[in-house]
>>> print(open('work-v4.cif').read())   # mmCIF, C-alpha atoms and all ligand atoms
data_protein
#
loop_
_atom_site.label_atom_id
_atom_site.label_comp_id
_atom_site.auth_asym_id
_atom_site.auth_seq_id
_atom_site.Cartn_x
_atom_site.Cartn_y
_atom_site.Cartn_z
CA MET D 335 46.69 -114.32 -49.13
CA ARG D 336 45.99 -110.58 -48.77
CA LYS D 337 42.31 -109.64 -48.73
CA TYR D 338 41.19 -106.09 -49.57
CA ASP D 339 37.99 -104.36 -48.50
CA LEU D 340 37.41 -103.33 -52.10
CA ILE D 341 38.89 -104.23 -55.48
CA ILE D 342 38.05 -101.99 -58.42
CA VAL D 343 38.43 -103.19 -62.00
CA GLY D 344 39.07 -100.33 -64.45
CA ALA D 345 41.13 -97.18 -63.77
CA GLY D 346 38.97 -94.71 -65.70
CA ILE D 347 37.29 -91.82 -63.92
CA ILE D 348 34.56 -94.00 -62.37
CA GLY D 349 37.01 -96.55 -60.95
CA THR D 350 39.43 -93.89 -59.75
CA PHE D 351 36.82 -91.81 -57.93
CA CYS D 352 35.25 -94.93 -56.38
CA ALA D 353 38.74 -95.61 -55.02
CA TYR D 354 39.02 -92.04 -53.73
CA HIS D 355 35.75 -92.16 -51.79
CA ALA D 356 36.38 -95.66 -50.39
CA LEU D 357 39.88 -94.65 -49.23
CA LYS D 358 38.39 -91.59 -47.54
CA ARG D 359 36.25 -94.02 -45.54
CA GLY D 360 39.35 -95.88 -44.42
CA LYS D 361 38.87 -98.91 -46.69
CA THR D 362 41.75 -100.88 -48.17
CA VAL D 363 41.51 -100.59 -51.95
CA LEU D 364 43.22 -102.28 -54.90
CA LEU D 365 42.70 -100.76 -58.37
CA LEU D 366 43.35 -103.05 -61.36
CA GLU D 367 43.83 -101.77 -64.92
CA LYS D 368 44.39 -103.84 -68.04
CA ASP D 369 46.59 -101.33 -69.90
CA SER D 370 50.07 -100.03 -69.01
CA LEU D 371 48.41 -96.62 -68.78
CA PRO D 372 44.63 -96.32 -68.98
CA PHE D 373 43.72 -94.39 -72.15
CA GLU D 374 40.03 -94.86 -72.85
CA ALA D 375 37.16 -92.34 -72.64
CA SER D 376 38.42 -90.71 -69.43
CA PHE D 377 41.62 -89.63 -71.20
CA ARG D 378 40.42 -88.64 -74.67
CA ASN D 379 37.52 -86.33 -73.89
CA PHE D 380 36.95 -82.57 -73.84
CA GLY D 381 37.51 -82.17 -70.13
CA GLN D 382 34.59 -79.82 -69.71
CA ALA D 383 32.93 -79.92 -66.28
CA VAL D 384 29.53 -78.43 -67.13
CA PRO D 385 26.78 -79.22 -64.59
CA SER D 386 24.59 -76.72 -66.47
CA GLY D 387 24.19 -79.28 -69.27
CA GLN D 388 23.00 -82.17 -67.09
CA SER D 389 19.47 -83.38 -66.48
CA LEU D 390 17.70 -81.64 -63.64
CA PRO D 391 17.75 -82.09 -60.75
CA LEU D 392 19.78 -85.25 -60.01
CA TRP D 393 22.67 -85.17 -62.48
CA PHE D 394 23.00 -81.43 -62.25
CA GLU D 395 23.47 -81.88 -58.48
CA TYR D 396 26.07 -84.64 -59.02
CA GLY D 397 27.86 -82.20 -61.33
CA ARG D 398 27.74 -79.44 -58.77
CA LYS D 399 29.06 -81.78 -56.09
CA SER D 400 31.80 -82.91 -58.49
CA LEU D 401 33.00 -79.32 -58.94
CA LYS D 402 33.42 -79.11 -55.18
CA ILE D 403 35.31 -82.43 -55.05
CA TYR D 404 37.61 -81.33 -57.89
CA LYS D 405 38.24 -78.04 -56.08
CA ASP D 406 39.10 -79.82 -52.81
CA LEU D 407 41.51 -82.12 -54.64
CA GLN D 408 43.08 -79.21 -56.53
CA GLU D 409 43.91 -77.61 -53.17
CA ASN D 410 46.02 -80.68 -52.34
CA THR D 411 47.59 -81.42 -55.70
CA ASP D 412 47.48 -79.95 -59.21
CA ILE D 413 44.85 -82.01 -61.01
CA SER D 414 44.70 -79.40 -63.84
CA LEU D 415 41.41 -77.82 -62.73
CA VAL D 416 40.81 -74.34 -64.16
CA LYS D 417 37.70 -72.41 -63.16
CA ASN D 418 37.23 -70.77 -66.54
CA GLY D 419 33.42 -70.81 -66.79
CA SER D 420 31.13 -71.96 -69.61
CA TRP D 421 29.46 -69.85 -72.29
CA TYR D 422 26.39 -71.00 -74.19
CA TYR D 423 25.83 -68.97 -77.37
CA ALA D 424 22.39 -68.97 -79.02
CA SER D 425 22.27 -68.77 -82.81
CA ASP D 426 18.56 -67.99 -83.19
CA ASP D 427 15.54 -66.71 -81.26
CA GLN D 428 14.34 -70.17 -80.24
CA GLU D 429 17.68 -71.06 -78.67
CA MET D 430 17.71 -67.63 -76.99
CA THR D 431 14.31 -68.41 -75.45
CA LEU D 432 15.75 -71.66 -74.07
CA LEU D 433 18.67 -69.73 -72.57
CA GLU D 434 16.24 -67.32 -70.90
CA GLU D 435 14.18 -70.20 -69.52
CA ILE D 436 17.17 -72.14 -68.22
CA HIS D 437 18.55 -68.95 -66.70
CA GLN D 438 15.36 -68.89 -64.57
CA LEU D 439 15.65 -72.57 -63.62
CA PHE D 440 19.26 -72.27 -62.51
CA THR D 441 18.70 -68.96 -60.73
CA GLU D 442 15.95 -70.66 -58.69
CA ARG D 443 18.57 -73.29 -57.74
CA ASN D 444 21.06 -70.59 -56.69
CA TYR D 445 23.44 -71.64 -59.44
CA THR D 446 25.23 -68.50 -60.56
CA ASN D 447 24.65 -67.57 -64.19
CA LYS D 448 24.17 -64.42 -66.23
CA LEU D 449 22.41 -63.62 -69.51
CA TYR D 450 24.10 -61.39 -72.06
CA THR D 451 22.86 -59.63 -75.20
CA ALA D 452 24.50 -60.36 -78.54
CA GLN D 453 26.45 -57.10 -78.40
CA GLU D 454 27.70 -57.84 -74.88
CA CYS D 455 28.84 -61.31 -76.01
CA LEU D 456 30.73 -59.77 -78.94
CA ASP D 457 32.34 -57.17 -76.65
CA ILE D 458 33.47 -59.85 -74.20
CA ASN D 459 34.56 -62.35 -76.84
CA PRO D 460 35.74 -60.62 -80.04
CA SER D 461 36.43 -64.04 -81.62
CA LEU D 462 32.69 -64.62 -81.97
CA LYS D 463 31.05 -64.10 -85.34
CA LYS D 464 28.48 -61.33 -85.40
CA ASP D 465 26.12 -63.19 -87.73
CA TYR D 466 26.03 -66.22 -85.45
CA VAL D 467 25.41 -64.98 -81.94
CA LYS D 468 21.98 -63.85 -80.78
CA GLY D 469 22.87 -63.78 -77.09
CA GLY D 470 24.63 -65.83 -74.44
CA LEU D 471 24.47 -67.32 -70.97
CA PHE D 472 27.56 -67.59 -68.77
CA PHE D 473 28.19 -69.96 -65.85
CA PRO D 474 31.24 -68.62 -63.98
CA GLU D 475 31.50 -71.56 -61.52
CA GLU D 476 32.11 -74.15 -64.23
CA ALA D 477 35.51 -75.50 -65.02
CA SER D 478 37.71 -77.45 -67.28
CA LEU D 479 40.27 -80.18 -66.72
CA ASN D 480 43.03 -81.56 -68.88
CA PRO D 481 41.86 -85.11 -69.66
CA LEU D 482 45.39 -86.13 -70.68
CA VAL D 483 46.54 -85.76 -67.09
CA MET D 484 43.65 -85.39 -64.64
CA VAL D 485 42.78 -89.00 -63.76
CA HIS D 486 46.49 -89.97 -63.75
CA ARG D 487 47.25 -87.22 -61.25
CA VAL D 488 44.34 -88.17 -59.00
CA ARG D 489 45.51 -91.80 -59.06
CA GLU D 490 49.11 -90.80 -58.22
CA PHE D 491 47.81 -88.69 -55.33
CA LEU D 492 45.78 -91.63 -54.00
CA ILE D 493 48.81 -93.93 -54.21
CA GLN D 494 51.16 -91.47 -52.56
CA TYR D 495 48.96 -90.01 -49.84
CA MET D 496 45.95 -92.27 -49.30
CA GLY D 497 47.38 -95.78 -49.52
CA LEU D 498 45.84 -96.91 -52.82
CA HIS D 499 47.24 -100.17 -54.18
CA TYR D 500 47.40 -100.09 -57.96
CA GLN D 501 48.29 -102.69 -60.55
CA PRO D 502 48.43 -101.74 -64.24
CA LEU D 503 48.85 -104.35 -67.00
CA CYS D 504 46.40 -106.52 -65.09
CA SER D 505 43.52 -107.76 -67.26
CA VAL D 506 40.83 -109.24 -65.07
CA ILE D 507 39.34 -112.33 -66.70
CA SER D 508 36.98 -113.58 -64.00
CA ILE D 509 35.17 -112.38 -60.91
CA GLU D 510 33.20 -114.81 -58.76
CA LYS D 511 31.84 -115.14 -55.26
CA LYS D 512 33.64 -117.83 -53.24
CA ARG D 513 33.18 -118.59 -49.56
CA GLY D 514 31.19 -115.37 -49.14
CA ILE D 515 33.78 -113.02 -50.65
CA ALA D 516 34.95 -112.09 -54.14
CA LYS D 517 37.73 -113.91 -55.98
CA ILE D 518 39.31 -112.21 -58.97
CA HIS D 519 41.58 -113.78 -61.56
CA SER D 520 43.90 -111.94 -63.91
CA ALA D 521 45.06 -113.07 -67.35
CA HIS D 522 48.54 -113.53 -65.83
CA GLY D 523 47.21 -116.15 -63.43
CA GLN D 524 47.15 -113.96 -60.32
CA ALA D 525 44.30 -114.31 -57.81
CA PHE D 526 43.01 -111.48 -55.60
CA TRP D 527 40.42 -111.50 -52.83
CA SER D 528 38.13 -108.80 -51.49
CA ASP D 529 34.88 -108.26 -49.62
CA LYS D 530 33.47 -106.27 -52.52
CA VAL D 531 34.33 -105.66 -56.17
CA ILE D 532 33.39 -102.73 -58.37
CA LEU D 533 33.52 -103.41 -62.10
CA ALA D 534 33.95 -100.10 -63.98
CA SER D 535 35.30 -101.42 -67.27
CA GLY D 536 33.90 -98.87 -69.72
CA ARG D 537 33.29 -100.03 -73.27
CA ASP D 538 34.98 -103.44 -72.85
CA THR D 539 31.92 -105.58 -72.24
CA GLN D 540 32.90 -108.76 -74.07
CA PHE D 541 35.11 -110.37 -71.40
CA LEU D 542 33.43 -110.08 -68.01
CA PHE D 543 29.72 -110.90 -67.68
CA PRO D 544 29.15 -110.56 -71.45
CA ASP D 545 25.59 -111.89 -71.18
CA LEU D 546 24.69 -109.31 -68.57
CA PHE D 547 25.91 -106.49 -70.82
CA ALA D 548 24.35 -108.00 -73.95
CA GLN D 549 20.96 -108.12 -72.26
CA ALA D 550 21.24 -104.71 -70.64
CA ASP D 551 19.79 -101.82 -72.57
CA LEU D 552 23.14 -100.28 -73.54
CA LYS D 553 24.55 -98.65 -76.62
CA ILE D 554 28.03 -97.52 -77.44
CA SER D 555 28.76 -94.08 -78.81
CA LYS D 556 31.66 -93.16 -81.08
CA LEU D 557 32.67 -89.50 -80.94
CA GLN D 558 34.97 -87.69 -83.36
CA MET D 559 37.19 -84.89 -82.09
CA MET D 560 39.79 -82.55 -83.59
CA ARG D 561 42.65 -80.43 -82.34
CA LEU D 562 43.60 -77.29 -84.27
CA ILE D 563 47.25 -76.19 -84.26
CA PRO D 564 48.46 -73.99 -81.35
CA GLN D 565 47.60 -70.32 -81.87
CA LYS D 566 47.24 -67.06 -80.03
CA ARG D 567 44.60 -67.03 -77.30
CA ALA D 568 41.14 -66.66 -78.87
CA PHE D 569 38.98 -67.32 -75.78
CA LYS D 570 39.41 -68.67 -72.27
CA SER D 571 36.10 -70.24 -71.24
CA ASN D 572 34.44 -73.43 -72.46
CA ILE D 573 32.26 -72.56 -75.46
CA LEU D 574 28.98 -74.39 -76.10
CA THR D 575 26.82 -73.42 -79.04
CA GLY D 576 23.34 -73.50 -80.56
CA LEU D 577 23.25 -77.20 -81.37
CA THR D 578 24.44 -77.92 -77.82
CA ILE D 579 21.48 -75.98 -76.45
CA ARG D 580 19.29 -78.19 -78.62
CA ARG D 581 21.03 -81.36 -77.39
CA TYR D 582 21.96 -81.13 -73.71
CA GLU D 583 19.65 -82.78 -71.17
CA SER D 584 19.15 -79.74 -68.92
CA PHE D 585 17.35 -77.87 -71.72
CA HIS D 586 14.73 -80.64 -71.91
CA SER D 587 13.32 -79.12 -68.69
CA CYS D 588 12.59 -75.81 -70.46
CA PRO D 589 8.91 -75.18 -71.33
CA SER D 590 9.83 -74.25 -74.93
CA PHE D 591 12.07 -77.25 -75.59
CA HIS D 592 9.33 -79.35 -77.17
CA LYS D 593 8.29 -76.50 -79.47
CA LEU D 594 11.73 -76.24 -81.08
CA GLU D 595 11.70 -76.15 -84.86
CA THR D 596 14.65 -77.56 -86.75
CA SER D 597 16.01 -76.39 -90.10
CA ALA D 598 17.16 -78.83 -92.80
CA GLU D 599 20.81 -77.82 -92.14
CA GLN D 600 20.44 -78.44 -88.40
CA LYS D 601 18.75 -81.80 -89.07
CA LEU D 602 21.66 -82.93 -91.22
CA LEU D 603 24.15 -82.14 -88.46
CA GLN D 604 21.92 -83.71 -85.82
CA GLU D 605 21.75 -86.94 -87.82
CA HIS D 606 25.47 -87.30 -87.07
CA GLY D 607 24.98 -86.17 -83.48
CA ILE D 608 27.03 -83.06 -84.21
CA HIS D 609 27.06 -80.11 -81.85
CA ILE D 610 29.99 -77.75 -81.61
CA LEU D 611 32.05 -77.25 -78.46
CA PHE D 612 35.36 -75.39 -78.27
CA LYS D 613 38.08 -75.42 -75.67
CA GLN D 614 41.49 -73.77 -75.96
CA ALA D 615 44.23 -75.78 -74.26
CA ASP D 616 47.23 -74.36 -72.38
CA ASP D 617 49.47 -74.65 -75.46
CA GLY D 618 46.99 -72.58 -77.52
CA SER D 619 45.66 -75.54 -79.52
CA ILE D 620 41.89 -75.51 -79.94
CA ILE D 621 39.95 -78.69 -79.21
CA LEU D 622 36.82 -78.88 -81.30
CA GLY D 623 34.05 -81.44 -81.52
CA ASP D 624 32.00 -83.47 -81.46
CA SER D 625 29.89 -85.99 -83.36
CA HIS D 626 28.05 -89.06 -82.05
CA SER D 627 27.18 -92.31 -83.78
CA TYR D 628 25.68 -95.30 -82.00
CA VAL D 629 25.58 -99.11 -82.19
CA PRO D 630 24.36 -101.70 -79.65
CA ALA D 631 27.01 -102.33 -76.97
CA HIS D 632 28.03 -105.75 -78.27
CA HIS D 633 28.33 -104.64 -81.93
CA GLN D 634 31.35 -102.32 -81.76
CA ALA D 635 32.74 -103.78 -84.97
CA ASN D 636 29.90 -102.02 -86.82
CA PHE D 637 31.76 -98.74 -86.33
CA GLY D 638 34.61 -99.92 -88.54
CA PHE D 639 37.97 -98.36 -87.76
CA GLU D 640 38.02 -95.17 -89.78
CA ILE D 641 37.63 -91.54 -88.80
CA SER D 642 35.08 -90.06 -91.20
CA THR D 643 36.57 -87.05 -93.00
CA GLU D 644 33.06 -86.11 -94.09
CA ILE D 645 31.95 -85.75 -90.46
CA ASN D 646 35.09 -83.76 -89.60
CA GLU D 647 34.38 -81.43 -92.54
CA MET D 648 30.79 -80.92 -91.36
CA MET D 649 32.04 -80.01 -87.88
CA LEU D 650 34.66 -77.62 -89.23
CA ASN D 651 32.13 -75.90 -91.49
CA GLU D 652 29.73 -75.38 -88.59
CA ALA D 653 32.60 -74.20 -86.34
CA LYS D 654 33.64 -71.63 -88.95
CA ARG D 655 30.17 -70.06 -88.75
CA ILE D 656 30.69 -69.46 -85.02
CA LEU D 657 34.24 -68.23 -84.34
CA HIS D 658 37.11 -66.37 -85.96
CA VAL D 659 40.33 -68.20 -85.19
CA GLU D 660 43.86 -67.65 -86.45
CA SER D 661 44.06 -71.01 -88.20
CA TRP D 662 41.71 -73.89 -88.96
CA ASP D 663 44.62 -76.26 -89.64
CA VAL D 664 43.90 -79.57 -87.94
CA GLU D 665 46.83 -80.91 -85.92
CA SER D 666 45.17 -84.21 -84.97
CA THR D 667 41.86 -85.99 -84.99
CA TRP D 668 40.71 -88.96 -82.92
CA ALA D 669 37.75 -91.04 -81.86
CA GLY D 670 36.57 -91.74 -78.33
CA TYR D 671 33.96 -94.25 -77.20
CA TYR D 672 31.66 -94.57 -74.25
CA LEU D 673 28.86 -96.83 -73.16
CA GLN D 674 25.47 -95.28 -72.54
CA ALA D 675 22.29 -96.65 -71.00
CA ASN D 676 19.38 -96.24 -73.44
CA LYS D 677 16.56 -95.48 -71.05
CA SER D 678 18.32 -94.51 -67.84
CA ASP D 679 21.15 -92.19 -66.85
CA ILE D 680 23.54 -94.97 -65.83
CA PHE D 681 23.69 -98.78 -65.65
CA THR D 682 24.31 -100.28 -62.20
CA LYS D 683 23.79 -103.87 -61.12
CA THR D 684 24.74 -105.96 -58.09
CA LEU D 685 25.56 -109.64 -58.64
CA ASP D 686 25.80 -112.20 -55.82
CA ASP D 687 25.80 -109.39 -53.22
CA VAL D 688 29.51 -108.66 -53.64
CA ILE D 689 30.02 -107.69 -57.31
CA HIS D 690 28.91 -104.17 -58.21
CA VAL D 691 28.80 -103.11 -61.85
CA ILE D 692 28.87 -99.40 -62.80
CA ASN D 693 28.81 -98.50 -66.46
CA GLY D 694 26.97 -96.52 -69.14
CA ILE D 695 27.42 -93.04 -67.66
CA GLY D 696 27.55 -91.76 -71.24
CA GLY D 697 28.83 -88.30 -72.12
CA LYS D 698 28.69 -86.83 -68.62
CA GLY D 699 31.45 -88.75 -66.83
CA MET D 700 33.94 -85.90 -66.46
CA THR D 701 31.25 -83.61 -65.11
CA THR D 702 29.46 -85.95 -62.73
CA SER D 703 31.57 -89.01 -61.75
CA PRO D 704 33.17 -87.59 -58.58
CA GLY D 705 29.73 -86.63 -57.20
CA PHE D 706 27.94 -89.77 -58.38
CA THR D 707 30.58 -92.13 -56.98
CA ALA D 708 30.57 -90.28 -53.61
CA GLU D 709 26.91 -91.24 -53.19
CA TYR D 710 27.44 -94.75 -54.59
CA ILE D 711 30.25 -95.53 -52.14
CA GLN D 712 28.27 -94.02 -49.27
CA LYS D 713 25.40 -96.41 -50.04
CA LEU D 714 27.81 -99.34 -50.39
CA TYR D 715 29.21 -98.85 -46.86
C1 LIG G 801 35.41 -87.73 -77.12
C2 LIG G 801 34.76 -87.65 -75.77
C3 LIG G 801 34.50 -86.40 -75.20
C4 LIG G 801 33.91 -86.32 -73.93
N1 LIG G 801 33.81 -85.10 -73.33
C5 LIG G 801 33.31 -85.02 -72.07
C6 LIG G 801 33.24 -83.76 -71.40
O1 LIG G 801 33.71 -82.73 -71.88
N2 LIG G 801 32.63 -83.72 -70.18
C7 LIG G 801 32.11 -84.84 -69.59
O2 LIG G 801 31.53 -84.74 -68.52
N3 LIG G 801 32.25 -86.06 -70.17
C8 LIG G 801 32.82 -86.18 -71.38
N4 LIG G 801 32.94 -87.40 -71.99
C9 LIG G 801 32.44 -88.60 -71.28
C10 LIG G 801 33.48 -89.19 -70.31
O3 LIG G 801 34.75 -89.20 -70.88
C11 LIG G 801 33.03 -90.62 -69.92
O4 LIG G 801 31.73 -90.54 -69.37
C12 LIG G 801 33.93 -91.26 -68.87
O5 LIG G 801 35.28 -91.11 -69.21
C13 LIG G 801 33.60 -92.75 -68.68
O6 LIG G 801 34.46 -93.23 -67.68
P1 LIG G 801 34.56 -94.77 -67.28
O7 LIG G 801 35.45 -94.84 -66.09
O8 LIG G 801 33.20 -95.36 -67.19
O9 LIG G 801 35.23 -95.52 -68.54
P2 LIG G 801 36.71 -95.57 -69.14
O10 LIG G 801 37.38 -94.27 -69.12
O11 LIG G 801 36.55 -96.25 -70.45
O12 LIG G 801 37.52 -96.54 -68.15
C14 LIG G 801 37.36 -97.94 -68.10
C15 LIG G 801 38.72 -98.57 -67.79
O13 LIG G 801 38.54 -99.95 -67.52
C16 LIG G 801 39.66 -100.66 -68.05
N5 LIG G 801 39.29 -102.08 -68.21
C17 LIG G 801 38.33 -102.58 -69.03
N6 LIG G 801 38.24 -103.92 -68.89
C18 LIG G 801 39.17 -104.28 -67.97
C19 LIG G 801 39.56 -105.54 -67.42
N7 LIG G 801 38.96 -106.68 -67.77
N8 LIG G 801 40.56 -105.56 -66.50
C20 LIG G 801 41.16 -104.39 -66.12
N9 LIG G 801 40.82 -103.18 -66.62
C21 LIG G 801 39.84 -103.12 -67.52
C22 LIG G 801 39.91 -99.93 -69.37
O14 LIG G 801 41.21 -100.18 -69.87
C23 LIG G 801 39.69 -98.47 -68.96
O15 LIG G 801 40.90 -97.86 -68.53
C24 LIG G 801 33.53 -87.51 -73.25
C25 LIG G 801 33.79 -88.76 -73.83
C26 LIG G 801 34.41 -88.84 -75.06
C27 LIG G 801 34.70 -90.20 -75.64
#
>>> encode(input="work-v4.cif", output="C-alpha cells")
Amino acid sequence: MRKYDLIIVGAGIIGTFCAYHALKRGKTVLLLEKDSLPFEASFRNFGQAVPSGQSLPLWFEYGRKSLKIYKDLQENTDISLVKNGSWYYASDDQEMTLLEEIHQLFTERNYTNKLYTAQECLDINPSLKKDYVKGGLFFPEEASLNPLVMVHRVREFLIQYMGLHYQPLCSVISIEKKRGIAKIHSAHGQAFWSDKVILASGRDTQFLFPDLFAQADLKISKLQMMRLIPQKRAFKSNILTGLTIRRYESFHSCPSFHKLETSAEQKLLQEHGIHILFKQADDGSIILGDSHSYVPAHHQANFGFEISTEINEMMLNEAKRILHVESWDVESTWAGYYLQANKSDIFTKTLDDVIHVINGIGGKGMTTSPGFTAEYIQKLY
C-alpha cells in the first residue's frame, strides 16, 4: 500500500494549484479527477485575471499574488499567460465617479493604474463607441489566460517536473478517516491512503458529504457565454464595462457605490446578472459574456438544460452599444457553472482533522486561486 502526504480530489484550478504548492514544499501528492479530461468551470471561463475587480483588501491581494505565481510559472513553461492589461469603460457620470474613486484606492496600494478621458479612450481603442464611453481606467499589470489550456498545461508541468501523481477517470465515492489517516475509495474499487485529503470538487456536491454541502450556505451560478466568429483584431486588452463597474466587489469599497442610481434598462439586465466583458482570443474570435442565474447548491435541476436565447440576445444588444466589431455572428454559445458561498468569499471546512474541503470560490477562481491556495497550503503544513 502506497501512502501519499496529500491526495487531492478534483483537478480544477483549486485542486491543481493546491498540488503545485504542496509539491513545492516537498510533499508527495496524488491528484484524482473523475473525467478523462477535466472540463468544468476552470476550463470554460473567460480567463481574465483581474485583481482590480476583487474585494479589498484580501481577495485583491490574493489576485495580485496569483499574477506573480502565473508569471513565475510562465517563465518555466507556456501556460498561455498574456500580460495584456484590463480596461474598465464607464458609460455614465456615476460610473466615472466610481472609476475616479477606485483609481485613488488602488494608487494608495501601489497598484499601477491610469485614468483616461473619453477622447483618450477612443484614440487608444477606435473600436469603442463614442456614445457609450465617458472615460476609462487601465490596469497594465493584469493579464489573461487561455482557459482551454492553462490548467492542463500546469498539470502537465507538475507531472513532468515536480513529481505529481495524477489519475483521471477516477471518481472518488468515499473519503473517511481510518487509523488516523485518510482512506479514499474510487468507483472502480481502488483504495488510496494519505495523511491529508483536499476535496475541491466544484459544483458536484451530491456524492461526497452531500449533507455538509446541503447545510452550507452555498448557491450555484449558471453563466451564459458566447464566442463570435474569428475576425480582424479589434482590441488587445480585457474589456470590462459599465455594468461590471456596478457589479464587481472592489467597487463596493468606493464612497459613491451606495449612491448609485439604476435605470430601468440597467435593472432589466441586472435581473439576469448581465454585465458585459470582452476578450479577443488568439484566433481573432471574440469571447463575450456573461449572465448569472442562481439556485441553491443542491437544486441544480432547477436550471433546466437550455441556453436561453433571450439572455444571449440581451447580452448581444448591450455589447453592440459598446463596441464596433467586424461581425456579430455567434460561432458558439455555452453555459458554465460554479459554486458560490452566499455570505462569505469561499467555503472551507475541515472534517475529522484530515479531510479539508475547499469550494464556493465563485467567479474569481481564475484570478485568485493560485494566491489563495498558496496561503491555504502554507497553513496546512
Ligand atoms: C463562464 C465562466 C466564466 C468565468 N470567468 C472567470 C474569469 O474571467 N476570471 C476568474 O477569475 N474566474 C472566472 N470564473 C470562475 C472560475 O472559473 C471558477 O472560480 C473556478 O474555475 C472554480 O474552480 P474549482 O477548481 O473550484 O472547480 P472546477 O473547475 O469545477 O473543478 C472541480 C473538479 O473536480 C472534479 N470532481 C468533482 N467531483 C469529483 C469526484 N467525486 N472525484 C473526482 N473528481 C471530481 C470535477 O470533474 C472538476 O474537474 C468563471 C466561471 C465561469 C463558469
>>> closest_residue(input="work-v4.cif", among="D:Pro704, D:Gly623, D:Gly697, D:Gly638", to="ligand LIG 801 (chain G)", atoms="all atoms listed in the file")
D:Gly697
>>> atom_distance(input="work-v4.cif", atom1="CA of Ile342 in chain D", atom2="CA of Gly360 in chain D")
15.3 Å
>>> closest_residue(input="work-v4.cif", among="D:Lys566, D:His632, D:Lys512, D:Lys553", to="Ile689 in chain D", atoms="all atoms listed in the file")
D:Lys512
>>> closest_residue(input="work-v4.cif", among="D:Thr362, D:Thr707, D:Ser625, D:Ser389", to="His586 in chain D", atoms="only C-alpha atoms")
D:Ser389
>>> atom_distance(input="work-v4.cif", atom1="CA of Glu647 in chain D", atom2="CA of Gln453 in chain D")
29.2 Å
>>> residues_around(input="work-v4.cif", residues="Ser478 in chain D", least_positions_apart="6", cutoff="12 Å", atoms="only C-alpha atoms", output="ChimeraX atom specification")
/D:379-385,400-401,404-405,413-420,484,570-573,612-616,700-701
>>> atom_distance(input="work-v4.cif", atom1="CA of Ser584 in chain D", atom2="CA of Leu657 in chain D")
24.5 Å
>>> residues_around(input="work-v4.cif", residues="Ile610 in chain D", least_positions_apart="2", cutoff="7 Å", atoms="only C-alpha atoms", output="number ranges by chain")
D: 574-575, 577-578, 608, 612, 622-624, 649, 653
>>> closest_atom_pairs(input="work-v4.cif", of="range 547-603 of chain D", to="range 457-467 of chain D", cutoff="9 Å", atoms="all atoms listed in the file", output="Markdown table")
| residue | atom | partner | partner_atom | distance |
| --- | --- | --- | --- | --- |
| D:Ala568 | CA | D:Ser461 | CA | 6.1 |
| D:Phe569 | CA | D:Asn459 | CA | 6.7 |
| D:Gly576 | CA | D:Val467 | CA | 8.9 |
>>> residues_around(input="work-v4.cif", residues="Glu434 in chain D", least_positions_apart="5", cutoff="10 Å", atoms="only C-alpha atoms", output="ChimeraX atom specification")
/D:428-429,439,448-450,469-471,588
>>> closest_residue(input="work-v4.cif", among="D:Ala452, D:Ala708, D:Leu546, D:Leu552", to="Asp679 in chain D", atoms="only C-alpha atoms")
D:Leu552
>>> residues_around(input="work-v4.cif", residues="Leu392 in chain D", least_positions_apart="4", cutoff="10 Å", atoms="all atoms listed in the file", output="PyMOL selection string")
chain D and resi 388+396-398+679+706
>>> closest_residue(input="work-v4.cif", among="D:Glu409, D:His658, D:Glu595, D:Asn676", to="Leu456 in chain D", atoms="all atoms listed in the file")
D:His658
>>> build_atoms(input="work-v4.cif", residues="range 389-397 of chain D", atoms="N, CA, C and O atoms", output="PDB file, in the frame of the given file")
ATOM      1  N   SER D 389      20.903 -83.325 -66.742  1.00  0.00           N
ATOM      2  CA  SER D 389      19.470 -83.380 -66.480  1.00  0.00           C
ATOM      3  C   SER D 389      19.181 -82.932 -65.045  1.00  0.00           C
ATOM      4  O   SER D 389      19.933 -83.231 -64.113  1.00  0.00           O
ATOM      5  N   LEU D 390      18.089 -82.211 -64.930  1.00  0.00           N
ATOM      6  CA  LEU D 390      17.700 -81.640 -63.640  1.00  0.00           C
ATOM      7  C   LEU D 390      16.709 -82.560 -62.939  1.00  0.00           C
ATOM      8  O   LEU D 390      15.849 -83.133 -63.604  1.00  0.00           O
ATOM      9  N   PRO D 391      16.771 -82.724 -61.629  1.00  0.00           N
ATOM     10  CA  PRO D 391      17.750 -82.090 -60.750  1.00  0.00           C
ATOM     11  C   PRO D 391      18.967 -82.978 -60.444  1.00  0.00           C
ATOM     12  O   PRO D 391      20.025 -82.482 -60.092  1.00  0.00           O
ATOM     13  N   LEU D 392      18.805 -84.323 -60.593  1.00  0.00           N
ATOM     14  CA  LEU D 392      19.780 -85.250 -60.010  1.00  0.00           C
ATOM     15  C   LEU D 392      21.190 -85.097 -60.565  1.00  0.00           C
ATOM     16  O   LEU D 392      22.162 -84.934 -59.825  1.00  0.00           O
ATOM     17  N   TRP D 393      21.316 -85.151 -61.907  1.00  0.00           N
ATOM     18  CA  TRP D 393      22.670 -85.170 -62.480  1.00  0.00           C
ATOM     19  C   TRP D 393      23.309 -83.801 -62.461  1.00  0.00           C
ATOM     20  O   TRP D 393      24.539 -83.672 -62.403  1.00  0.00           O
ATOM     21  N   PHE D 394      22.469 -82.775 -62.474  1.00  0.00           N
ATOM     22  CA  PHE D 394      23.000 -81.430 -62.250  1.00  0.00           C
ATOM     23  C   PHE D 394      23.636 -81.363 -60.854  1.00  0.00           C
ATOM     24  O   PHE D 394      24.744 -80.853 -60.678  1.00  0.00           O
ATOM     25  N   GLU D 395      22.939 -81.927 -59.856  1.00  0.00           N
ATOM     26  CA  GLU D 395      23.470 -81.880 -58.480  1.00  0.00           C
ATOM     27  C   GLU D 395      24.747 -82.713 -58.350  1.00  0.00           C
ATOM     28  O   GLU D 395      25.671 -82.323 -57.644  1.00  0.00           O
ATOM     29  N   TYR D 396      24.813 -83.873 -59.032  1.00  0.00           N
ATOM     30  CA  TYR D 396      26.070 -84.640 -59.020  1.00  0.00           C
ATOM     31  C   TYR D 396      27.198 -83.793 -59.626  1.00  0.00           C
ATOM     32  O   TYR D 396      28.342 -83.826 -59.173  1.00  0.00           O
ATOM     33  N   GLY D 397      26.856 -83.049 -60.674  1.00  0.00           N
ATOM     34  CA  GLY D 397      27.860 -82.200 -61.330  1.00  0.00           C
ATOM     35  C   GLY D 397      28.342 -81.105 -60.391  1.00  0.00           C
ATOM     36  O   GLY D 397      29.542 -80.828 -60.290  1.00  0.00           O
TER      37      GLY D 397
END
